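S.K.: Just one file: protein16.txt, with compact mmCIF, N, CA and C atoms.
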# COMPACT_ATOMS: atom_id res chain seq x y z
N MET D 22 55.47 -22.16 29.48
CA MET D 22 56.31 -23.03 28.69
C MET D 22 57.59 -23.40 29.46
N ASP D 23 58.20 -22.40 30.11
CA ASP D 23 59.42 -22.67 30.88
C ASP D 23 59.17 -23.68 31.99
N PHE D 24 58.05 -23.50 32.70
CA PHE D 24 57.73 -24.41 33.80
C PHE D 24 57.49 -25.82 33.27
N LYS D 25 56.80 -25.92 32.16
CA LYS D 25 56.53 -27.23 31.56
C LYS D 25 57.84 -27.93 31.17
N LEU D 26 58.76 -27.20 30.58
CA LEU D 26 60.06 -27.77 30.21
C LEU D 26 60.85 -28.19 31.44
N PHE D 27 60.84 -27.33 32.46
CA PHE D 27 61.56 -27.64 33.69
C PHE D 27 60.98 -28.89 34.35
N ALA D 28 59.65 -28.92 34.49
CA ALA D 28 59.01 -30.07 35.12
C ALA D 28 59.28 -31.34 34.32
N GLY D 29 59.27 -31.24 32.99
CA GLY D 29 59.56 -32.40 32.15
C GLY D 29 60.95 -32.95 32.40
N SER D 30 61.89 -32.07 32.74
CA SER D 30 63.26 -32.54 33.01
C SER D 30 63.35 -33.30 34.32
N LEU D 31 62.35 -33.15 35.18
CA LEU D 31 62.36 -33.84 36.48
C LEU D 31 61.72 -35.22 36.41
N ARG D 32 61.05 -35.51 35.33
CA ARG D 32 60.33 -36.78 35.21
C ARG D 32 61.23 -37.98 35.47
N ASP D 33 62.46 -37.92 35.03
CA ASP D 33 63.39 -39.03 35.18
C ASP D 33 64.53 -38.70 36.15
N LEU D 34 64.21 -37.94 37.18
CA LEU D 34 65.21 -37.53 38.15
C LEU D 34 65.69 -38.67 39.04
N GLN D 35 64.97 -39.77 39.01
CA GLN D 35 65.31 -40.92 39.86
C GLN D 35 66.82 -41.14 39.91
N GLY D 36 67.41 -41.03 41.09
CA GLY D 36 68.84 -41.25 41.24
C GLY D 36 69.70 -40.08 40.80
N GLY D 37 69.08 -38.95 40.46
CA GLY D 37 69.83 -37.80 39.97
C GLY D 37 70.29 -36.87 41.07
N VAL D 38 70.88 -35.77 40.66
CA VAL D 38 71.41 -34.77 41.58
C VAL D 38 70.84 -33.40 41.22
N VAL D 39 70.47 -32.65 42.26
CA VAL D 39 69.96 -31.29 42.09
C VAL D 39 70.86 -30.34 42.86
N LEU D 40 71.32 -29.29 42.20
CA LEU D 40 72.11 -28.25 42.86
C LEU D 40 71.25 -27.01 43.04
N SER D 41 71.16 -26.52 44.24
CA SER D 41 70.49 -25.26 44.52
C SER D 41 71.54 -24.31 45.05
N ILE D 42 71.97 -23.40 44.19
CA ILE D 42 73.06 -22.49 44.54
C ILE D 42 72.49 -21.10 44.75
N SER D 43 72.50 -20.66 46.01
CA SER D 43 72.07 -19.33 46.40
C SER D 43 70.65 -19.01 45.98
N SER D 44 69.76 -19.95 46.15
CA SER D 44 68.36 -19.71 45.84
C SER D 44 67.52 -20.20 47.00
N ALA D 45 67.31 -19.32 47.96
CA ALA D 45 66.62 -19.73 49.19
C ALA D 45 65.11 -19.64 49.08
N ILE D 46 64.58 -18.95 48.10
CA ILE D 46 63.15 -18.79 48.01
C ILE D 46 62.60 -19.37 46.70
N MET D 47 62.92 -18.73 45.60
CA MET D 47 62.29 -19.10 44.34
C MET D 47 62.67 -20.50 43.86
N GLY D 48 63.95 -20.84 43.92
CA GLY D 48 64.38 -22.15 43.44
C GLY D 48 63.67 -23.30 44.13
N PRO D 49 63.70 -23.36 45.45
CA PRO D 49 63.02 -24.46 46.14
C PRO D 49 61.51 -24.49 45.89
N GLN D 50 60.88 -23.32 45.82
CA GLN D 50 59.43 -23.29 45.62
C GLN D 50 59.05 -23.76 44.23
N VAL D 51 59.76 -23.29 43.21
CA VAL D 51 59.48 -23.72 41.84
C VAL D 51 59.77 -25.21 41.71
N PHE D 52 60.88 -25.66 42.28
CA PHE D 52 61.24 -27.07 42.22
C PHE D 52 60.17 -27.92 42.89
N GLU D 53 59.72 -27.48 44.08
CA GLU D 53 58.71 -28.23 44.82
C GLU D 53 57.42 -28.37 44.01
N LYS D 54 56.99 -27.30 43.37
CA LYS D 54 55.75 -27.35 42.57
C LYS D 54 55.95 -28.24 41.34
N ALA D 55 57.08 -28.13 40.69
CA ALA D 55 57.35 -28.93 39.50
C ALA D 55 57.40 -30.41 39.84
N LEU D 56 58.10 -30.75 40.93
CA LEU D 56 58.20 -32.16 41.32
C LEU D 56 56.83 -32.70 41.74
N SER D 57 56.04 -31.87 42.38
CA SER D 57 54.69 -32.28 42.77
C SER D 57 53.85 -32.59 41.53
N CYS D 58 53.94 -31.74 40.52
CA CYS D 58 53.20 -31.99 39.27
C CYS D 58 53.66 -33.29 38.62
N VAL D 59 54.98 -33.46 38.54
CA VAL D 59 55.54 -34.68 37.94
C VAL D 59 55.07 -35.92 38.70
N ASN D 60 55.13 -35.88 40.03
CA ASN D 60 54.72 -37.04 40.82
C ASN D 60 53.22 -37.33 40.67
N ASN D 61 52.41 -36.29 40.60
CA ASN D 61 50.97 -36.51 40.38
C ASN D 61 50.72 -37.18 39.04
N LEU D 62 51.41 -36.74 37.99
CA LEU D 62 51.25 -37.37 36.68
C LEU D 62 51.76 -38.81 36.69
N ARG D 63 52.88 -39.04 37.36
CA ARG D 63 53.42 -40.40 37.44
C ARG D 63 52.44 -41.34 38.15
N LEU D 64 51.83 -40.86 39.23
CA LEU D 64 50.85 -41.68 39.96
C LEU D 64 49.64 -41.99 39.09
N GLN D 65 49.19 -41.02 38.31
CA GLN D 65 48.06 -41.24 37.40
C GLN D 65 48.39 -42.29 36.33
N GLU D 66 49.67 -42.39 35.99
CA GLU D 66 50.12 -43.37 35.00
C GLU D 66 50.47 -44.72 35.63
N GLY D 67 50.28 -44.84 36.95
CA GLY D 67 50.58 -46.09 37.64
C GLY D 67 52.04 -46.25 37.98
N LEU D 68 52.81 -45.18 37.91
CA LEU D 68 54.23 -45.23 38.24
C LEU D 68 54.46 -44.73 39.66
N ASP D 69 55.58 -45.11 40.26
CA ASP D 69 55.95 -44.60 41.57
C ASP D 69 56.40 -43.15 41.45
N VAL D 70 56.38 -42.43 42.57
CA VAL D 70 56.91 -41.07 42.58
C VAL D 70 58.42 -41.11 42.43
N VAL D 71 58.98 -39.99 42.02
CA VAL D 71 60.43 -39.88 41.86
C VAL D 71 61.10 -40.00 43.22
N ARG D 72 62.10 -40.87 43.32
CA ARG D 72 62.82 -41.08 44.57
C ARG D 72 64.32 -41.23 44.28
N GLY D 73 65.09 -41.28 45.35
CA GLY D 73 66.51 -41.61 45.22
C GLY D 73 67.39 -40.50 44.70
N HIS D 74 66.89 -39.28 44.67
CA HIS D 74 67.71 -38.17 44.20
C HIS D 74 68.39 -37.49 45.38
N THR D 75 69.39 -36.69 45.07
CA THR D 75 70.15 -36.00 46.10
C THR D 75 70.16 -34.51 45.82
N PHE D 76 69.88 -33.72 46.84
CA PHE D 76 69.93 -32.27 46.75
C PHE D 76 71.21 -31.76 47.39
N TYR D 77 71.84 -30.80 46.75
CA TYR D 77 72.95 -30.08 47.36
C TYR D 77 72.55 -28.62 47.41
N VAL D 78 72.35 -28.10 48.60
CA VAL D 78 72.04 -26.69 48.80
C VAL D 78 73.35 -25.99 49.14
N VAL D 79 73.72 -25.04 48.31
CA VAL D 79 74.96 -24.28 48.51
C VAL D 79 74.56 -22.86 48.87
N ASP D 80 74.98 -22.42 50.04
CA ASP D 80 74.63 -21.07 50.49
C ASP D 80 75.74 -20.54 51.38
N ILE D 81 75.85 -19.23 51.42
CA ILE D 81 76.93 -18.62 52.18
C ILE D 81 76.63 -18.56 53.68
N GLN D 82 75.37 -18.65 54.05
CA GLN D 82 75.04 -18.55 55.48
C GLN D 82 75.32 -19.86 56.22
N ASP D 83 75.48 -19.74 57.49
CA ASP D 83 75.69 -20.89 58.36
C ASP D 83 74.43 -21.74 58.35
N GLY D 84 74.56 -22.98 58.05
CA GLY D 84 73.40 -23.87 57.96
C GLY D 84 73.01 -24.53 59.27
N GLY D 85 73.52 -24.05 60.38
CA GLY D 85 73.16 -24.63 61.67
C GLY D 85 73.89 -25.92 61.99
N HIS D 86 74.84 -26.30 61.13
CA HIS D 86 75.64 -27.51 61.34
C HIS D 86 74.76 -28.74 61.56
N TRP D 87 73.70 -28.86 60.76
CA TRP D 87 72.79 -29.98 60.88
C TRP D 87 73.02 -30.97 59.75
N ASP D 88 73.03 -32.25 60.05
CA ASP D 88 73.12 -33.31 59.05
C ASP D 88 71.71 -33.63 58.59
N TRP D 89 71.32 -33.11 57.43
CA TRP D 89 69.95 -33.25 56.95
C TRP D 89 69.59 -34.69 56.59
N THR D 90 70.56 -35.57 56.50
CA THR D 90 70.24 -36.98 56.25
C THR D 90 69.57 -37.60 57.47
N ARG D 91 69.63 -36.90 58.62
CA ARG D 91 68.98 -37.38 59.85
C ARG D 91 67.53 -36.90 59.95
N GLY D 92 67.05 -36.19 58.94
CA GLY D 92 65.70 -35.63 58.99
C GLY D 92 65.75 -34.17 59.39
N GLU D 93 64.61 -33.63 59.77
CA GLU D 93 64.55 -32.22 60.13
C GLU D 93 65.12 -32.00 61.52
N PRO D 94 65.80 -30.88 61.71
CA PRO D 94 66.38 -30.58 63.02
C PRO D 94 65.32 -30.16 64.03
N PRO D 95 65.65 -30.22 65.30
CA PRO D 95 64.72 -29.72 66.33
C PRO D 95 64.64 -28.19 66.28
N LYS D 96 63.61 -27.64 66.88
CA LYS D 96 63.41 -26.19 66.88
C LYS D 96 64.54 -25.45 67.58
N THR D 97 65.30 -26.14 68.40
CA THR D 97 66.41 -25.50 69.11
C THR D 97 67.63 -25.29 68.23
N ASN D 98 67.65 -25.89 67.04
CA ASN D 98 68.78 -25.75 66.12
C ASN D 98 68.45 -24.67 65.09
N PRO D 99 69.39 -23.76 64.81
CA PRO D 99 69.12 -22.71 63.82
C PRO D 99 68.75 -23.25 62.44
N ALA D 100 69.20 -24.45 62.10
CA ALA D 100 68.87 -25.04 60.80
C ALA D 100 67.37 -25.29 60.64
N TYR D 101 66.67 -25.43 61.74
CA TYR D 101 65.22 -25.64 61.69
C TYR D 101 64.53 -24.51 60.93
N TYR D 102 65.09 -23.32 60.99
CA TYR D 102 64.47 -22.14 60.41
C TYR D 102 64.90 -21.87 58.97
N LEU D 103 65.66 -22.78 58.37
CA LEU D 103 66.04 -22.67 56.96
C LEU D 103 64.92 -23.31 56.14
N ARG D 104 63.91 -22.54 55.83
CA ARG D 104 62.71 -23.05 55.17
C ARG D 104 63.03 -23.78 53.87
N PHE D 105 63.96 -23.24 53.09
CA PHE D 105 64.29 -23.88 51.82
C PHE D 105 64.88 -25.26 52.02
N CYS D 106 65.63 -25.47 53.10
CA CYS D 106 66.17 -26.80 53.37
C CYS D 106 65.06 -27.76 53.77
N LYS D 107 64.11 -27.25 54.57
CA LYS D 107 62.99 -28.11 54.95
C LYS D 107 62.17 -28.50 53.73
N SER D 108 61.99 -27.57 52.80
CA SER D 108 61.24 -27.89 51.58
C SER D 108 61.93 -29.01 50.81
N PHE D 109 63.24 -28.85 50.57
CA PHE D 109 63.96 -29.88 49.84
C PHE D 109 63.97 -31.21 50.59
N SER D 110 64.11 -31.17 51.90
CA SER D 110 64.20 -32.42 52.66
C SER D 110 62.91 -33.21 52.63
N ARG D 111 61.81 -32.57 52.31
CA ARG D 111 60.50 -33.24 52.27
C ARG D 111 60.15 -33.79 50.89
N MET D 112 61.05 -33.66 49.93
CA MET D 112 60.74 -34.05 48.55
C MET D 112 61.26 -35.42 48.17
N GLY D 113 61.57 -36.24 49.13
CA GLY D 113 61.90 -37.63 48.82
C GLY D 113 63.35 -37.91 48.49
N GLY D 114 64.21 -36.95 48.58
CA GLY D 114 65.61 -37.18 48.29
C GLY D 114 66.46 -36.90 49.51
N ALA D 115 67.75 -37.12 49.39
CA ALA D 115 68.68 -36.82 50.47
C ALA D 115 69.15 -35.38 50.30
N LEU D 116 69.24 -34.64 51.41
CA LEU D 116 69.65 -33.25 51.37
C LEU D 116 71.01 -33.07 52.01
N ASN D 117 71.88 -32.35 51.32
CA ASN D 117 73.20 -32.00 51.84
C ASN D 117 73.35 -30.50 51.77
N TYR D 118 73.75 -29.89 52.88
CA TYR D 118 73.93 -28.44 52.95
C TYR D 118 75.42 -28.13 52.90
N VAL D 119 75.80 -27.26 51.98
CA VAL D 119 77.20 -26.88 51.83
C VAL D 119 77.31 -25.38 52.05
N GLN D 120 78.03 -24.98 53.10
CA GLN D 120 78.24 -23.56 53.34
C GLN D 120 79.48 -23.14 52.57
N CYS D 121 79.27 -22.26 51.60
CA CYS D 121 80.39 -21.84 50.76
C CYS D 121 79.98 -20.59 49.99
N ASP D 122 80.96 -19.78 49.66
CA ASP D 122 80.71 -18.66 48.77
C ASP D 122 80.30 -19.24 47.41
N ASN D 123 79.23 -18.72 46.85
CA ASN D 123 78.67 -19.29 45.62
C ASN D 123 79.62 -19.22 44.43
N VAL D 124 80.32 -18.10 44.29
CA VAL D 124 81.25 -17.96 43.18
C VAL D 124 82.40 -18.95 43.32
N THR D 125 82.93 -19.08 44.52
CA THR D 125 84.00 -20.04 44.78
C THR D 125 83.54 -21.45 44.48
N PHE D 126 82.33 -21.79 44.93
CA PHE D 126 81.79 -23.13 44.68
C PHE D 126 81.69 -23.40 43.17
N LEU D 127 81.13 -22.45 42.44
CA LEU D 127 80.96 -22.64 40.99
C LEU D 127 82.30 -22.77 40.27
N HIS D 128 83.29 -22.00 40.68
CA HIS D 128 84.62 -22.12 40.08
C HIS D 128 85.21 -23.50 40.33
N HIS D 129 85.11 -23.97 41.56
CA HIS D 129 85.64 -25.31 41.88
C HIS D 129 84.87 -26.41 41.15
N LEU D 130 83.57 -26.27 41.08
CA LEU D 130 82.76 -27.26 40.36
C LEU D 130 83.15 -27.29 38.89
N TYR D 131 83.28 -26.14 38.28
CA TYR D 131 83.68 -26.07 36.87
C TYR D 131 85.04 -26.73 36.64
N ARG D 132 85.99 -26.42 37.53
CA ARG D 132 87.33 -27.03 37.39
C ARG D 132 87.28 -28.55 37.49
N ARG D 133 86.47 -29.05 38.45
CA ARG D 133 86.36 -30.51 38.62
C ARG D 133 85.70 -31.16 37.41
N LEU D 134 84.68 -30.53 36.90
CA LEU D 134 83.95 -31.10 35.75
C LEU D 134 84.77 -31.08 34.46
N THR D 135 85.63 -30.09 34.32
CA THR D 135 86.41 -29.99 33.08
C THR D 135 87.77 -30.65 33.18
N SER D 136 88.17 -31.10 34.36
CA SER D 136 89.50 -31.71 34.50
C SER D 136 89.52 -33.20 34.18
N SER D 137 88.36 -33.81 34.06
CA SER D 137 88.37 -35.26 33.79
C SER D 137 88.18 -35.60 32.35
Before anything else, please render the file you have as structure tokens.
M.R.:
Amino acid sequence: MDFKLFAGSLRDLQGGVVLSISSAIMGPQVFEKALSCVNNLRLQEGLDVVRGHTFYVVDIQDGGHWDWTRGEPPKTNPAYYLRFCKSFSRMGGALNYVQCDNVTFLHHLYRRLTSS
């Protein structure tokens, strides 16, 4: 039931934003499967796959200083080995990697969202 609800929320992700905060394994894998299901259903209905969304991966580790909007990094760059970033980058959206302490990021995000 949880997966069905989550996947249903992705149906209209077109142009949306996805935050992945400190989830290097489960988050990207569940998201990848859910988006795949949604896209398969959309194709069966004659609709295009979900596009135009943006991912923000927030993690405390060094992301290899790679600009993921340029595609996947070469094997010589440490970012090449960030499997979760490669998963997100292959899902049709733009990927941005933010190196930051997760608690600090969430506090700043909360302040920005509640200050307007």
S.K.: With only N, CA and C atoms as the counted atoms, please give the residues lying no more than 7 Å from segment 120-122 of chain D, apart from itself and same-chain residues fewer than 3 positions off, as a list in words.
M.R.: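 Using only N, CA and C atoms, the neighbours found are Val78, Val79, Asp80, Ile81, Gln82, Asp83, Gly84, Thr125, Phe126 and Leu127 of chain D.
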S.K.: Which residues, written as an MDAnalysis selection string, have at least one atom at most 9 Å from His86 of chain D, with only C-alpha atoms counted and residues fewer than 4 positions away on the same chain left out?
M.R.: chainID D and resid 98:100 118
S.K.: Write out as an NGL selection string which residues come within 5 Å of Gly73 of chain D when counting all atoms listed in the file, dropping same-chain ones fewer than 2 positions away.
M.R.: :D and (35-37 or 71 or 75 or 113)
S.K.: Put those residues in a file: N, CA and C atoms, as a short mmCIF file (atom, residue, chain, number, x, y, z; two decimals), keeping the file's coordinate frame.
M.R.:
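Writing the result to part.cif gives the following:
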data_model
loop_
_atom_site.label_atom_id
_atom_site.label_comp_id
_atom_site.auth_asym_id
_atom_site.auth_seq_id
_atom_site.Cartn_x
_atom_site.Cartn_y
_atom_site.Cartn_z
N GLN D 35 64.97 -39.77 39.01
CA GLN D 35 65.31 -40.92 39.86
C GLN D 35 66.82 -41.14 39.91
N GLY D 36 67.41 -41.03 41.09
CA GLY D 36 68.84 -41.25 41.24
C GLY D 36 69.70 -40.08 40.80
N GLY D 37 69.08 -38.95 40.46
CA GLY D 37 69.83 -37.80 39.97
C GLY D 37 70.29 -36.87 41.07
N VAL D 71 58.98 -39.99 42.02
CA VAL D 71 60.43 -39.88 41.86
C VAL D 71 61.10 -40.00 43.22
N THR D 75 69.39 -36.69 45.07
CA THR D 75 70.15 -36.00 46.10
C THR D 75 70.16 -34.51 45.82
N GLY D 113 61.57 -36.24 49.13
CA GLY D 113 61.90 -37.63 48.82
C GLY D 113 63.35 -37.91 48.49
#
S.K.: State, in Å with one decimal place, the distance from atom N of Ser30 of chain D to atom N of Asn60 of chain D.
M.R.: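 Separation of atom N of Ser30 of chain D and atom N of Asn60 of chain D: 10.6 Å.
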S.K.: Check the DSSP output for the backbone and give back, as a list of chain:residue names, the residues of segment 33-134 of chain D in strand (DSSP E).
M.R.: D:Val38, D:Val39, D:Leu40, D:Ser41, D:Ile42, D:Thr75, D:Phe76, D:Tyr77, D:Val78, D:Val79, D:Asp80, D:Ala115, D:Leu116, D:Asn117, D:Tyr118, D:Val119, D:Gln120
S.K.: Quick one: of D:Met112, D:Gly85, D:Asp23, D:His74, who's nearest to Leu56 of chain D, counting all atoms listed in the file?
M.R.: D:Met112
S.K.: Atom C of Cys58 of chain D and atom CA of Val39 of chain D are how many Å apart?
M.R.: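 Between these atoms lies a distance of 16.8 Å.
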S.K.: To one decimal place, how far is atom CA of Ser136 of chain D from atom CA of Val124 of chain D in Å?
M.R.: 18.2 Å
S.K.: Which is closer to Thr90 of chain D than all the others in D:Ala115, D:Met22, D:Cys106, D:Leu130, using all atoms listed in the file?
M.R.: D:Ala115
S.K.: Among the residues of chain D, find those DSSP assigns to alpha helix (DSSP H) from the backbone and print them as number ranges by chain.
M.R.: D: 23-31, 47-65, 104-110, 123-135
S.K.: Out of D:Phe76, D:Val59, D:Ile42, D:Arg32, which residue has the shortest atom-to-atom distance to Ser110 of chain D when counting all atoms listed in the file?
M.R.: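 Of the candidates, the smallest distance to Ser110 of chain D is held by D:Phe76.
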S.K.: Would you pick out the contacts of Gly92 of chain D at 9 Å or less, using only C-alpha atoms, so that residues sharing its chain but fewer than 4 positions from it are not included, and give the list as a PDB file with N, CA and C atoms, in the coordinates of the input?
M.R.:
ATOM      1  N   ASP D  88      73.030 -32.250  60.050  1.00  0.00           N
ATOM      2  CA  ASP D  88      73.120 -33.310  59.050  1.00  0.00           C
ATOM      3  C   ASP D  88      71.710 -33.630  58.590  1.00  0.00           C
ATOM      4  N   LYS D 107      64.110 -27.250  54.570  1.00  0.00           N
ATOM      5  CA  LYS D 107      62.990 -28.110  54.950  1.00  0.00           C
ATOM      6  C   LYS D 107      62.170 -28.500  53.730  1.00  0.00           C
ATOM      7  N   SER D 110      64.110 -31.170  51.900  1.00  0.00           N
ATOM      8  CA  SER D 110      64.200 -32.420  52.660  1.00  0.00           C
ATOM      9  C   SER D 110      62.910 -33.210  52.630  1.00  0.00           C
ATOM     10  N   ARG D 111      61.810 -32.570  52.310  1.00  0.00           N
ATOM     11  CA  ARG D 111      60.500 -33.240  52.270  1.00  0.00           C
ATOM     12  C   ARG D 111      60.150 -33.790  50.890  1.00  0.00           C
ATOM     13  N   LEU D 116      69.240 -34.640  51.410  1.00  0.00           N
ATOM     14  CA  LEU D 116      69.650 -33.250  51.370  1.00  0.00           C
ATOM     15  C   LEU D 116      71.010 -33.070  52.010  1.00  0.00           C
TER      16      LEU D 116
END
S.K.: Tell me which of D:Trp87, D:Tyr131, D:Phe27, D:Tyr77 sits closest to Glu53 of chain D, counting only C-alpha atoms.
M.R.: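 Nearest to Glu53 of chain D: D:Phe27.
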S.K.: Take every atom of segment 96-111 of chain D listed in the file, pad by 6 Å on each side, and give me the axis-aligned box centre and edge lengths in Å, one decimal, as lines of an AutoDock Vina configuration file.
M.R.:
center_x = 64.8
center_y = -27.8
center_z = 59.5
size_x = 21.2
size_y = 23.9
size_z = 31.3
S.K.: Can you complete the atoms of segment 43-56 of chain D to N, CA, C and O atoms and list them as an mmCIF file, in the frame of the given file?
M.R.:
data_model
loop_
_atom_site.group_PDB
_atom_site.id
_atom_site.type_symbol
_atom_site.label_atom_id
_atom_site.label_comp_id
_atom_site.auth_asym_id
_atom_site.auth_seq_id
_atom_site.Cartn_x
_atom_site.Cartn_y
_atom_site.Cartn_z
ATOM 1 N N SER D 43 72.500 -20.660 46.010
ATOM 2 C CA SER D 43 72.070 -19.330 46.400
ATOM 3 C C SER D 43 70.650 -19.010 45.980
ATOM 4 O O SER D 43 70.352 -17.932 45.505
ATOM 5 N N SER D 44 69.760 -19.950 46.150
ATOM 6 C CA SER D 44 68.360 -19.710 45.840
ATOM 7 C C SER D 44 67.520 -20.200 47.000
ATOM 8 O O SER D 44 67.081 -21.342 47.035
ATOM 9 N N ALA D 45 67.310 -19.320 47.960
ATOM 10 C CA ALA D 45 66.620 -19.730 49.190
ATOM 11 C C ALA D 45 65.110 -19.640 49.080
ATOM 12 O O ALA D 45 64.410 -20.194 49.908
ATOM 13 N N ILE D 46 64.580 -18.950 48.100
ATOM 14 C CA ILE D 46 63.150 -18.790 48.010
ATOM 15 C C ILE D 46 62.600 -19.370 46.700
ATOM 16 O O ILE D 46 61.915 -20.372 46.691
ATOM 17 N N MET D 47 62.920 -18.730 45.600
ATOM 18 C CA MET D 47 62.290 -19.100 44.340
ATOM 19 C C MET D 47 62.670 -20.500 43.860
ATOM 20 O O MET D 47 61.808 -21.267 43.446
ATOM 21 N N GLY D 48 63.950 -20.840 43.920
ATOM 22 C CA GLY D 48 64.380 -22.150 43.440
ATOM 23 C C GLY D 48 63.670 -23.300 44.130
ATOM 24 O O GLY D 48 63.064 -24.147 43.465
ATOM 25 N N PRO D 49 63.700 -23.360 45.450
ATOM 26 C CA PRO D 49 63.020 -24.460 46.140
ATOM 27 C C PRO D 49 61.510 -24.490 45.890
ATOM 28 O O PRO D 49 60.926 -25.546 45.738
ATOM 29 N N GLN D 50 60.880 -23.320 45.820
ATOM 30 C CA GLN D 50 59.430 -23.290 45.620
ATOM 31 C C GLN D 50 59.050 -23.760 44.230
ATOM 32 O O GLN D 50 58.112 -24.542 44.060
ATOM 33 N N VAL D 51 59.760 -23.290 43.210
ATOM 34 C CA VAL D 51 59.480 -23.720 41.840
ATOM 35 C C VAL D 51 59.770 -25.210 41.710
ATOM 36 O O VAL D 51 58.992 -25.969 41.114
ATOM 37 N N PHE D 52 60.880 -25.660 42.280
ATOM 38 C CA PHE D 52 61.240 -27.070 42.220
ATOM 39 C C PHE D 52 60.170 -27.920 42.890
ATOM 40 O O PHE D 52 59.749 -28.949 42.360
ATOM 41 N N GLU D 53 59.720 -27.480 44.080
ATOM 42 C CA GLU D 53 58.710 -28.230 44.820
ATOM 43 C C GLU D 53 57.420 -28.370 44.010
ATOM 44 O O GLU D 53 56.837 -29.459 43.935
ATOM 45 N N LYS D 54 56.990 -27.300 43.370
ATOM 46 C CA LYS D 54 55.750 -27.350 42.570
ATOM 47 C C LYS D 54 55.950 -28.240 41.340
ATOM 48 O O LYS D 54 55.067 -29.021 40.987
ATOM 49 N N ALA D 55 57.080 -28.130 40.690
ATOM 50 C CA ALA D 55 57.350 -28.930 39.500
ATOM 51 C C ALA D 55 57.400 -30.410 39.840
ATOM 52 O O ALA D 55 56.809 -31.251 39.151
ATOM 53 N N LEU D 56 58.100 -30.750 40.930
ATOM 54 C CA LEU D 56 58.200 -32.160 41.320
ATOM 55 C C LEU D 56 56.830 -32.700 41.740
ATOM 56 O O LEU D 56 56.494 -33.845 41.443
#
